[in-house]
Amino acid sequence: MSNKEIKAYMQAVGIAARDASRVVARAGSAVKNNALLAIANSMDNARTDLLQANTEDMSRGRDAGLDDALLDRLELNNERIDAMIEGLKQVASLKDPVGEITDMGFRPSGIQLGKMRVPLGVVGIIYESRPNVTVDAASLCLKSGNATILRGGSEAIRSNQAIAKCISTGLIACGLPESAVQVVNITDRAAVGELITMTDYVDVVVPRGGKSLIERISADARVPVIKHLDGNCHVYIDDRADLKKAVAIADNAKTHRYGVCNAMESLLIAEPVADKVLPELAKIYIEKQVEMRGCEKARKLLSSVVEATQQDWYEEYLAPIVSIKIVAGIDQAIEHINKYSSKHTESIVTEDFNRGRRFIAEVDSSSVMINASTRFADGFEYGLGAEIGISTDKIHARGPVGLEGLTSQKWVVFGDGQIRQ
């Protein structure tokens with residue numbers, strides 16, 4: 001397609017989304033919930049079609065030389081379809097935030113003032129590889145009263161189109177416009193350029209994907225962006241940790257899945273327990289073929305640890321690689337994390353309550369944990385049903401963004417004929 005044709009197509013998508021957003025915004029909770037359950041049922045009935053479409057995408061991805069991390073994100077199987085269906089059901093069961101009025105109080109003038117939670121309007125989602133994002137985004141936007149425009153990567157086009165058919169079936173069954181959720185069928189990158197500059201039709205954009213994609217969106221967008229650039233997540237094992245817990249957490253945080261933004265990339269260990277915990281972890285990492293890159297102290301303890309560079313402390317590997325630094329204690333751990341972290345997720349393993357509280361108070365990241373794997377930092381595990389993305393910014397939404405993050409608030413005033421004197 002020519003740039004002119006792409007522009008016309010995207011304008012049509014934007015107009016339809018804006019019109020649909022007004023319908024969804026006034027839809028009751030029951031209608032939205034029924035639509036979500038209808039989509040779940042449609043997906044359950046369409047498993048064969050979904051898996052066939054994904055098989056085609058996976059084959060094309062391998063031929064195109066996609067790396068293992070991207071292929072892992074792209075793949076669908078029955079277990080992942082089950083998770084998407086469960087996510088839809090969970091979102092349907094959540095409290096609808098739209099229309100909630102809070103902070104009501106009377107002013108000296110006699111007016112009653114409060115805040116009402118309202119949808120953002122039209123949400124544009126730009127993402128790579130993961131077909132499940134299509135369902136997560138659609139469900140959260142729908143429940144929060146928003147229309148959404150979904151632009152997935154070319155590598156997942158068949159999977160996303162198959163999922164879009166299921167979504168369309170569910171919307172129609174419940175009397176909602178198909179255009180409430182639209183999957184862009186153009187793989188040309190010019191479509192992204194149009195989406196992020198359509199200020200008349202799009203209220204916010206959420207990019208999900210690699211750092212280069214998110215940097216491009218952030219630089220070129222003319223509409224607000226909810227984003228995080230990368231996930232350099234840390235686990236700090238304190239000298240007052242339960243070492244059995246520490247080993248289990250550091251293993252799970254690194255090896256549960258490699259190609260995800262909440263995987264641990266950097267491991268910090270307090271020096272007094274390093275000689276006890278690091279050899280135990282090294283056995284696991286060696287068995288699972290995880291490359292260890294460490295500081296001088298770590299390399300003195302283990303010959304299997306290679307030298308870490310300065311860049312390793314910043315790195316999001318999305319691969320079986322971990323950077324390891326032995327620190328004096330919690331002060332140095334917090335200092336290191338706040339310097340090198342991408343502000344995504346950090347965890348401390350300690351049995352000292354005061355140190356745990358200090359860690360969560362002083363570490364400046366969107367999710368901070370005590371005695372838990374960083375892998376819990378996502379919307380499903382947080383009870384949001386799913387997530388539209390993760391924000392490491394400090395305005396409006398921070399951390400996994402669910403229903404509330406897809407709404408805003410407006411002031412509402414109740415009066416009885418008051419006039420300002």
# chains A, B, ... in the order shown; residues from 1 in each chain; ligands from 1
$ residues_around --residues "Leu70 in chain A" --least-positions-apart "2" --cutoff "9 Å" --atoms "only C-alpha atoms" --output "PyMOL selection string"
chain A and resi 61+66-68+72-75+128-130+259
$ residues_around --residues "range 158-168 of chain A" --least-positions-apart "2" --cutoff "6 Å" --atoms "only C-alpha atoms" --output "NGL selection string"
:A and (39 or 42-43 or 50 or 53-54 or 131 or 156 or 170-171 or 178)
$ closest_residue --among "A:Ile217, A:Ile284, A:Ala298, A:Leu51" --to "Leu229 in chain A" --atoms "only C-alpha atoms"
A:Ile217
$ closest_atom_pairs --of "range 263-301 of chain A" --to "range 309-320 of chain A" --cutoff "12 Å" --atoms "only C-alpha atoms" --output "JSON lines"
{"residue": "A:Ala263", "atom": "CA", "partner": "A:Leu318", "partner_atom": "CA", "distance": 7.6}
{"residue": "A:Met264", "atom": "CA", "partner": "A:Glu316", "partner_atom": "CA", "distance": 8.8}
{"residue": "A:Glu265", "atom": "CA", "partner": "A:Glu316", "partner_atom": "CA", "distance": 6.1}
{"residue": "A:Ser266", "atom": "CA", "partner": "A:Trp313", "partner_atom": "CA", "distance": 6.9}
{"residue": "A:Leu267", "atom": "CA", "partner": "A:Trp313", "partner_atom": "CA", "distance": 9.7}
{"residue": "A:Leu268", "atom": "CA", "partner": "A:Trp313", "partner_atom": "CA", "distance": 10.5}
{"residue": "A:Ile284", "atom": "CA", "partner": "A:Pro320", "partner_atom": "CA", "distance": 11.9}
{"residue": "A:Tyr285", "atom": "CA", "partner": "A:Pro320", "partner_atom": "CA", "distance": 8.6}
{"residue": "A:Ile286", "atom": "CA", "partner": "A:Pro320", "partner_atom": "CA", "distance": 10.3}
{"residue": "A:Glu287", "atom": "CA", "partner": "A:Pro320", "partner_atom": "CA", "distance": 11.4}
{"residue": "A:Lys288", "atom": "CA", "partner": "A:Pro320", "partner_atom": "CA", "distance": 8.2}
{"residue": "A:Gln289", "atom": "CA", "partner": "A:Pro320", "partner_atom": "CA", "distance": 6.9}
{"residue": "A:Val290", "atom": "CA", "partner": "A:Pro320", "partner_atom": "CA", "distance": 4.5}
{"residue": "A:Glu291", "atom": "CA", "partner": "A:Pro320", "partner_atom": "CA", "distance": 6.2}
{"residue": "A:Met292", "atom": "CA", "partner": "A:Pro320", "partner_atom": "CA", "distance": 8.8}
{"residue": "A:Arg293", "atom": "CA", "partner": "A:Asp312", "partner_atom": "CA", "distance": 7.8}
{"residue": "A:Gly294", "atom": "CA", "partner": "A:Thr309", "partner_atom": "CA", "distance": 8.4}
{"residue": "A:Cys295", "atom": "CA", "partner": "A:Thr309", "partner_atom": "CA", "distance": 8.4}
{"residue": "A:Glu296", "atom": "CA", "partner": "A:Thr309", "partner_atom": "CA", "distance": 10.7}
$ select_by_dssp --residues "range 133-360 of chain A" --states "strand (DSSP E or B)" --output "number ranges by chain"
A: 147-151, 181-183, 204-208, 225, 233-237, 264-270, 291-294, 306-307, 321-327, 345-349
$ residues_around --residues "Ser144 in chain A" --least-positions-apart "6" --cutoff "7 Å" --atoms "only C-alpha atoms" --output "list in words"
Asp96, Pro97, Val98, Pro119, Leu403, Leu406 and Thr407 of chain A
$ write_last_selection --atoms "C-alpha atoms" --output "PDB file, in the first residue's frame"
ATOM      1  CA  ASP A  96     -15.869  -2.039  37.144  1.00  0.00           C
ATOM      2  CA  PRO A  97     -14.073   1.217  37.964  1.00  0.00           C
ATOM      3  CA  VAL A  98     -16.077   3.360  35.531  1.00  0.00           C
ATOM      4  CA  PRO A 119     -12.479   5.916  30.534  1.00  0.00           C
ATOM      5  CA  LEU A 403      -8.333  -1.319  34.730  1.00  0.00           C
ATOM      6  CA  LEU A 406      -6.880   2.814  31.813  1.00  0.00           C
ATOM      7  CA  THR A 407      -9.163   5.342  33.423  1.00  0.00           C
TER       8      THR A 407
END
$ closest_residue --among "A:Thr48, A:Gln409, A:Thr134, A:Thr169" --to "Ile157 in chain A" --atoms "only C-alpha atoms"
A:Thr134
$ closest_residue --among "A:Glu404, A:Tyr258, A:Ile125, A:Asn77" --to "Lys143 in chain A" --atoms "only C-alpha atoms"
A:Glu404
$ residues_around --residues "Glu387 in chain A" --least-positions-apart "6" --cutoff "7 Å" --atoms "only C-alpha atoms" --output "list in words"
Asp136, Asp378, Gly379, Phe380, Pro400, Val401 and Gly402 of chain A
$ atom_distance --atom1 "CA of Glu280 in chain A" --atom2 "CA of Leu301 in chain A"
11.8 Å
$ atom_distance --atom1 "CA of Asp251 in chain A" --atom2 "CA of Arg355 in chain A"
22.1 Å
$ residues_around --residues "range 388-399 of chain A" --least-positions-apart "4" --cutoff "10 Å" --atoms "only C-alpha atoms" --output "number ranges by chain"
A: 123, 125, 127, 133-141, 206-209, 225-231, 261-262, 342-345, 364-368, 377-379, 384, 403-408
$ select_by_dssp --residues "range 137-326 of chain A" --states "alpha helix (DSSP H)" --output "PyMOL selection string"
chain A and resi 137-143+157-173+190-195+211-220+243-255+271-287+296-301
$ closest_residue --among "A:Val181, A:Ala328, A:Cys233, A:Leu176" --to "Ile348 in chain A" --atoms "only C-alpha atoms"
A:Cys233
$ closest_residue --among "A:Ala253, A:Val327, A:Val260, A:Val223" --to "Asp239 in chain A" --atoms "only C-alpha atoms"
A:Val327
$ residues_around --residues "Val412 in chain A" --least-positions-apart "5" --cutoff "12 Å" --atoms "only C-alpha atoms" --output "list in words"
Gly99, Glu100, Ile101, Thr102, Asp103, Met104, Gly105, Phe106, Ile111, Gln112, Leu113, Gly114, Lys115, Met116, Arg117 and Val118 of chain A
$ residues_around --residues "range 17-34 of chain A" --least-positions-apart "5" --cutoff "6 Å" --atoms "only C-alpha atoms" --output "short mmCIF file (atom, residue, chain, number, x, y, z; two decimals) with all heavy atoms, in the first residue's frame"
data_model
loop_
_atom_site.label_atom_id
_atom_site.label_comp_id
_atom_site.auth_asym_id
_atom_site.auth_seq_id
_atom_site.Cartn_x
_atom_site.Cartn_y
_atom_site.Cartn_z
N ALA A 92 -13.60 -10.12 33.74
CA ALA A 92 -15.06 -10.02 33.88
C ALA A 92 -15.49 -10.01 35.34
O ALA A 92 -16.50 -9.38 35.70
CB ALA A 92 -15.73 -11.16 33.13
N GLY A 121 -10.74 6.77 26.67
CA GLY A 121 -11.33 7.01 25.36
C GLY A 121 -10.90 5.96 24.36
O GLY A 121 -11.47 4.87 24.30
N LYS A 143 -13.37 -3.60 29.46
CA LYS A 143 -13.94 -3.51 30.81
C LYS A 143 -13.84 -2.10 31.37
O LYS A 143 -14.72 -1.65 32.12
CB LYS A 143 -13.22 -4.50 31.74
CG LYS A 143 -13.76 -4.55 33.18
CD LYS A 143 -15.19 -5.05 33.24
CE LYS A 143 -15.71 -5.11 34.69
NZ LYS A 143 -15.44 -6.39 35.34
N GLY A 145 -14.12 0.57 29.67
CA GLY A 145 -14.95 1.48 28.90
C GLY A 145 -14.25 2.16 27.74
O GLY A 145 -14.74 3.17 27.23
N ASN A 146 -13.11 1.61 27.31
CA ASN A 146 -12.35 2.21 26.21
C ASN A 146 -12.49 1.40 24.93
O ASN A 146 -12.67 0.18 24.97
CB ASN A 146 -10.86 2.25 26.57
CG ASN A 146 -10.57 3.13 27.76
OD1 ASN A 146 -10.65 4.35 27.68
ND2 ASN A 146 -10.22 2.51 28.89
N ALA A 147 -12.35 2.06 23.80
CA ALA A 147 -12.12 1.38 22.53
C ALA A 147 -10.61 1.24 22.36
O ALA A 147 -9.84 2.01 22.94
CB ALA A 147 -12.71 2.17 21.37
N SER A 179 -15.99 -2.41 16.07
CA SER A 179 -14.90 -1.43 16.04
C SER A 179 -14.44 -1.01 17.43
O SER A 179 -13.52 -0.20 17.56
CB SER A 179 -15.31 -0.20 15.23
OG SER A 179 -16.56 0.30 15.66
N ALA A 180 -15.05 -1.58 18.47
CA ALA A 180 -14.56 -1.30 19.83
C ALA A 180 -13.17 -1.90 20.02
O ALA A 180 -12.39 -1.41 20.84
CB ALA A 180 -15.52 -1.87 20.87
N TYR A 201 -8.11 11.13 17.29
CA TYR A 201 -8.80 9.86 17.48
C TYR A 201 -8.20 8.96 18.56
O TYR A 201 -8.87 8.04 19.02
CB TYR A 201 -8.81 9.08 16.15
CG TYR A 201 -9.33 9.88 14.99
CD1 TYR A 201 -8.52 10.17 13.90
CD2 TYR A 201 -10.63 10.39 14.99
CE1 TYR A 201 -8.99 10.92 12.82
CE2 TYR A 201 -11.11 11.14 13.93
CZ TYR A 201 -10.28 11.41 12.86
OH TYR A 201 -10.75 12.16 11.80
#
$ atom_distance --atom1 "CA of Ser93 in chain A" --atom2 "CA of Val122 in chain A"
22.8 Å
$ closest_residue --among "A:Ile81, A:Met1, A:Val363, A:Ile324" --to "Val305 in chain A" --atoms "only C-alpha atoms"
A:Ile324
